[in-house]
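*Asks:* Below is one structure. I have some questions about it.
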Amino acid sequence: MKIYAPGELLTNGYTSYHVSPRVASVVLRRHVELGEHVTKGQPLVTLFSETVAQAQADYRKAFPEWKRISGLGRAVVGDQRFNTAKANIEAARATLLACGRNDDDIGALKASGVDSLGEYMLRARVDGAVLTDEFEQGQRVEAGQPLVTLADESELWVEAHLPASSGIVLEKGAEAEVRAAGRVGVATVSQEAHTIDPVTRTRIVRLELDNPEDRFHPGMFADVYFRFKTSEPVLAVPETALMRGADGDWTVYVEEAEGEYEPVEVELGRSIGGLREVSGLAAGQRVVLRGAFFVASEIAKGGFDPHNH
């Protein structure tokens, strides 16, 4: 059985990465463009920060002193000078790390220093595609402001929206067919939210979609068809096929012959997504799935004979 739900393709939030400065900075140069695929460690943007400049200067001042003091040893220089020099270099290093510099950056600073204090690069932390690059050269950006979003598109998330009243139980690993932009893939259920979306008032089911050939992209709308087996055959019709008869009983309209319709009373069972289990019909009977209200209205007005007489 298949159950339909509208959905949307999203980046995998567990593997995507927002690149942002740790301190207020000015953008000097960009090194990548939107949509470009980058590798881990590749430069993305060069910035300038007064805070980084001061931290670099403090380290360049503390490192020679610590190198000299540590070379002489505690016994020669005494505990106070040794501890002070050690504390200064550790504090300077910690400040650089807090600014987003790494051990390689600090190593380069020790080896040869830097000609332009305050300049530094943000590099890719993961392999992926540049999904956003919302900044301009010369722009001043605040600490934590996302400049580049990187995402590994080899696996995407699909968020499917089921009716809040849906009683479907979807186990982790259950498969669903995903159709987007004329392409078809198979996704598996990874998790289901335990709350109702406050905007759409729907149950959100998250699926994982393998995308090794880069056929799907974040932002695409999708049609999701959940596939599952029942322990016994189920006869079900869409909710749109059900109408209340004159006596208040539930009715569907069955096509007896081409253009000839007959109302048939049914008993309702379980709700399965947008379908409703029914009894009172025979397997294979052709049922009016949409437009049942129109058929009932025409019959009620006397302008439409159910047997087309």
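Labels for the structure tokens follow display order: chains A, B, ..., residues from 1 in each chain, ligands from 1.
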Neighbouring residues of Gln56 (chain A) were defined as those with any atom within 8 Å, considering only C-alpha atoms; residues of the same chain fewer than 4 positions away were excluded. Please report them as a list in words.
*Replies:*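 That gives Val52, Arg60, Ala92, Leu96, Leu109, Leu117 and Gly118 of chain A.
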*Asks:* How would the residues just chosen look if you wrote them out with C-alpha atoms as a compact mmCIF listing (two decimals), in the first residue's frame?
*Replies:*
```
# COMPACT_ATOMS: atom_id res chain seq x y z
CA VAL A 52 43.15 38.97 15.81
CA ARG A 60 54.81 37.22 18.85
CA ALA A 92 48.33 34.28 24.10
CA LEU A 96 44.34 32.90 19.24
CA LEU A 109 53.31 32.54 13.49
CA LEU A 117 48.82 41.39 11.42
CA GLY A 118 45.06 40.89 11.66
```
*Asks:* What residues in region 5-169 of chain A get the DSSP label strand (DSSP E or B)? Please answer as an NGL selection string.
*Replies:* :A and (5-10 or 17-19 or 25-30 or 37-38 or 43-48 or 119-123 or 128-132 or 140-141 or 148-151 or 155-163)
*Asks:* Identify, on the basis of only C-alpha atoms, every residue whose closest approach to region 31-47 of chain A does not exceed 7 Å; exclude the query and any residue fewer than 5 positions from it along the same chain; express the result as a list in words.
*Replies:* Ser25, Val26, Glu119, Tyr120, Met121, Leu122, Arg123, Ala124, Arg125, Val126, Asp127, Gly128, Ala129, Val130, Leu131, Thr132 and Asp133 of chain A
*Asks:* Would you mind listing what lies within 8 Å of Thr202 (chain A) as an NGL selection string, with only C-alpha atoms counted and same-chain residues fewer than 4 positions away left out?
*Replies:* :A and (161-164 or 196-198)
*Asks:* Would you save the residues from that selection as a short mmCIF file (atom, residue, chain, number, x, y, z; two decimals), in the first residue's frame, using N, CA and C atoms?
*Replies:*
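Done, and the output landed in again_15.cif:
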```
data_model
loop_
_atom_site.label_atom_id
_atom_site.label_comp_id
_atom_site.auth_asym_id
_atom_site.auth_seq_id
_atom_site.Cartn_x
_atom_site.Cartn_y
_atom_site.Cartn_z
N HIS A 161 5.16 15.71 5.19
CA HIS A 161 4.11 16.23 6.06
C HIS A 161 2.86 15.37 5.94
N LEU A 162 2.52 14.67 7.01
CA LEU A 162 1.32 13.85 7.06
C LEU A 162 0.25 14.57 7.87
N PRO A 163 -1.03 14.28 7.61
CA PRO A 163 -2.09 14.90 8.41
C PRO A 163 -1.89 14.61 9.89
N ALA A 164 -2.23 15.59 10.72
CA ALA A 164 -2.05 15.43 12.16
C ALA A 164 -2.84 14.26 12.71
N ILE A 196 3.28 18.50 16.61
CA ILE A 196 2.65 18.93 15.37
C ILE A 196 3.25 20.27 14.96
N ASP A 197 3.61 20.38 13.67
CA ASP A 197 4.18 21.63 13.18
C ASP A 197 3.19 22.77 13.42
N PRO A 198 3.61 23.85 14.11
CA PRO A 198 2.66 24.92 14.47
C PRO A 198 2.16 25.71 13.27
#
```
*Asks:* Within region 6-175 of chain A, find each residue whose DSSP state, derived from the backbone, is helix (DSSP H, G or I), and express the selection as a PyMOL selection string.
*Replies:* chain A and resi 50-72+74-77+79-98+103-112
*Asks:* Which polymer residues have any atom within 12 Å of an atom of Arg270 (chain A), counting only C-alpha atoms, with same-chain residues fewer than 5 positions away left out, as a ChimeraX atom specification?
*Replies:* /A:165-168,234-239,275-279
*Asks:* Can you write out the residues you just picked, keeping C-alpha atoms, as a compact mmCIF listing (two decimals), in the first residue's frame?
*Replies:*
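Below you can see again.txt, which holds the result:
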```
# COMPACT_ATOMS: atom_id res chain seq x y z
CA SER A 165 -4.84 12.88 12.54
CA SER A 166 -2.99 10.23 10.57
CA GLY A 167 -2.69 6.98 12.47
CA ILE A 168 0.12 5.57 10.34
CA VAL A 234 -7.24 -3.96 3.17
CA LEU A 235 -9.99 -2.36 1.10
CA ALA A 236 -9.69 1.41 1.34
CA VAL A 237 -10.81 4.52 -0.56
CA PRO A 238 -9.66 8.16 -0.40
CA GLU A 239 -11.46 10.31 2.15
CA LEU A 275 -7.37 6.73 2.91
CA ARG A 276 -10.20 5.16 4.87
CA GLU A 277 -10.75 1.45 5.31
CA VAL A 278 -14.27 0.48 4.22
CA SER A 279 -16.51 -2.60 4.11
```
*Asks:* Looking at A:Ala85, A:Thr95, A:Val252, A:Gly71, which one is nearest to Gln54 (chain A), with distances taken over only C-alpha atoms?
*Replies:*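 Closest residue, counting only C-alpha atoms: A:Thr95.
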*Asks:* Smallest atom-to-atom distance to His217 (chain A): which of A:Glu267, A:Asp152, A:Glu262, A:Asp247, using only C-alpha atoms?
*Replies:* A:Asp152
*Asks:* When you look at region 171-185 of chain A with a cut-off of 10 Å (counting only C-alpha atoms), what residues show up, excluding the ones that are within fewer than 3 positions of it in the same chain? I need them as a PyMOL selection string.
*Replies:* chain A and resi 2-9+158+160+168+188-192+206-211+215-217+220-228
*Asks:* Of the candidates A:Ala282, A:Val205, A:Arg140, A:Asp79, which one gets nearest to Val169 (chain A) if we count only C-alpha atoms?
*Replies:*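 With only C-alpha atoms as the atom set, the closest residue is A:Val205.
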*Asks:* Quick one, how far is CA of Tyr14 (chain A) from CA of Val186 (chain A)?
*Replies:*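 That distance, rounded to one decimal, is 19.9 Å.
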*Asks:* Which residues are near Ala241 (chain A)? Cut-off 12 Å, only C-alpha atoms, ignore same chain within fewer than 4 positions. Put them as a list of chain:residue names.
*Replies:* A:Ala236, A:Val237, A:Trp250, A:Thr251, A:Val252, A:Tyr253, A:Val254, A:Pro263, A:Val264, A:Glu265, A:Val266, A:Gly274, A:Leu275, A:Arg276, A:Glu277, A:Val278, A:Arg286, A:Val287, A:Val288, A:Leu289, A:Arg290, A:Gly291, A:Ala292, A:Phe293, A:Phe294, A:Val295, A:Ala296
*Asks:* Write the residues of the selection above to a file with N, CA and C atoms, as a compact mmCIF listing (two decimals), in the first residue's frame.
*Replies:*
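The resulting again_13.txt:
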```
# COMPACT_ATOMS: atom_id res chain seq x y z
N ALA A 236 -9.64 0.02 0.88
CA ALA A 236 -9.69 1.41 1.34
C ALA A 236 -9.94 2.33 0.17
N VAL A 237 -10.54 3.50 0.46
CA VAL A 237 -10.81 4.52 -0.56
C VAL A 237 -10.32 5.85 -0.01
N TRP A 250 -22.68 6.66 5.62
CA TRP A 250 -21.61 6.94 4.68
C TRP A 250 -21.84 6.20 3.37
N THR A 251 -21.57 6.92 2.28
CA THR A 251 -21.86 6.40 0.95
C THR A 251 -20.70 6.70 0.00
N VAL A 252 -20.51 5.79 -0.93
CA VAL A 252 -19.62 6.05 -2.06
C VAL A 252 -20.42 5.81 -3.34
N TYR A 253 -19.96 6.39 -4.43
CA TYR A 253 -20.64 6.20 -5.71
C TYR A 253 -19.82 5.25 -6.57
N VAL A 254 -20.47 4.17 -6.97
CA VAL A 254 -19.83 3.13 -7.75
C VAL A 254 -20.28 3.24 -9.20
N PRO A 263 -25.23 4.84 -5.69
CA PRO A 263 -24.75 5.04 -4.33
C PRO A 263 -24.73 3.72 -3.56
N VAL A 264 -23.66 3.46 -2.84
CA VAL A 264 -23.53 2.24 -2.05
C VAL A 264 -23.11 2.62 -0.64
N GLU A 265 -23.87 2.14 0.35
CA GLU A 265 -23.54 2.43 1.74
C GLU A 265 -22.36 1.57 2.18
N VAL A 266 -21.46 2.18 2.96
CA VAL A 266 -20.27 1.47 3.45
C VAL A 266 -20.10 1.71 4.94
N GLY A 274 -4.43 9.44 3.93
CA GLY A 274 -5.58 10.07 3.30
C GLY A 274 -6.62 9.06 2.85
N LEU A 275 -6.43 7.79 3.27
CA LEU A 275 -7.37 6.73 2.91
C LEU A 275 -8.20 6.32 4.11
N ARG A 276 -9.33 5.66 3.80
CA ARG A 276 -10.20 5.16 4.87
C ARG A 276 -10.60 3.72 4.55
N GLU A 277 -10.35 2.84 5.49
CA GLU A 277 -10.75 1.45 5.31
C GLU A 277 -12.28 1.37 5.29
N VAL A 278 -12.82 0.60 4.35
CA VAL A 278 -14.27 0.48 4.22
C VAL A 278 -14.66 -0.98 4.04
N ARG A 286 -15.31 0.05 -9.37
CA ARG A 286 -14.83 1.38 -9.73
C ARG A 286 -15.61 2.42 -8.91
N VAL A 287 -14.88 3.20 -8.14
CA VAL A 287 -15.48 4.16 -7.22
C VAL A 287 -15.13 5.57 -7.68
N VAL A 288 -16.08 6.50 -7.53
CA VAL A 288 -15.83 7.91 -7.82
C VAL A 288 -14.90 8.43 -6.71
N LEU A 289 -13.65 8.74 -7.07
CA LEU A 289 -12.68 9.18 -6.08
C LEU A 289 -12.74 10.67 -5.82
N ARG A 290 -13.02 11.43 -6.86
CA ARG A 290 -13.17 12.88 -6.73
C ARG A 290 -14.44 13.30 -7.46
N GLY A 291 -15.07 14.34 -6.96
CA GLY A 291 -16.31 14.80 -7.58
C GLY A 291 -17.54 14.10 -7.05
N ALA A 292 -17.38 13.34 -5.94
CA ALA A 292 -18.55 12.66 -5.37
C ALA A 292 -19.60 13.66 -4.93
N PHE A 293 -19.16 14.81 -4.43
CA PHE A 293 -20.11 15.83 -3.99
C PHE A 293 -20.93 16.34 -5.18
N PHE A 294 -20.27 16.52 -6.32
CA PHE A 294 -20.97 16.97 -7.53
C PHE A 294 -22.01 15.95 -7.95
N VAL A 295 -21.65 14.66 -7.93
CA VAL A 295 -22.61 13.60 -8.31
C VAL A 295 -23.80 13.62 -7.37
N ALA A 296 -23.53 13.72 -6.05
CA ALA A 296 -24.63 13.73 -5.08
C ALA A 296 -25.50 14.96 -5.25
```
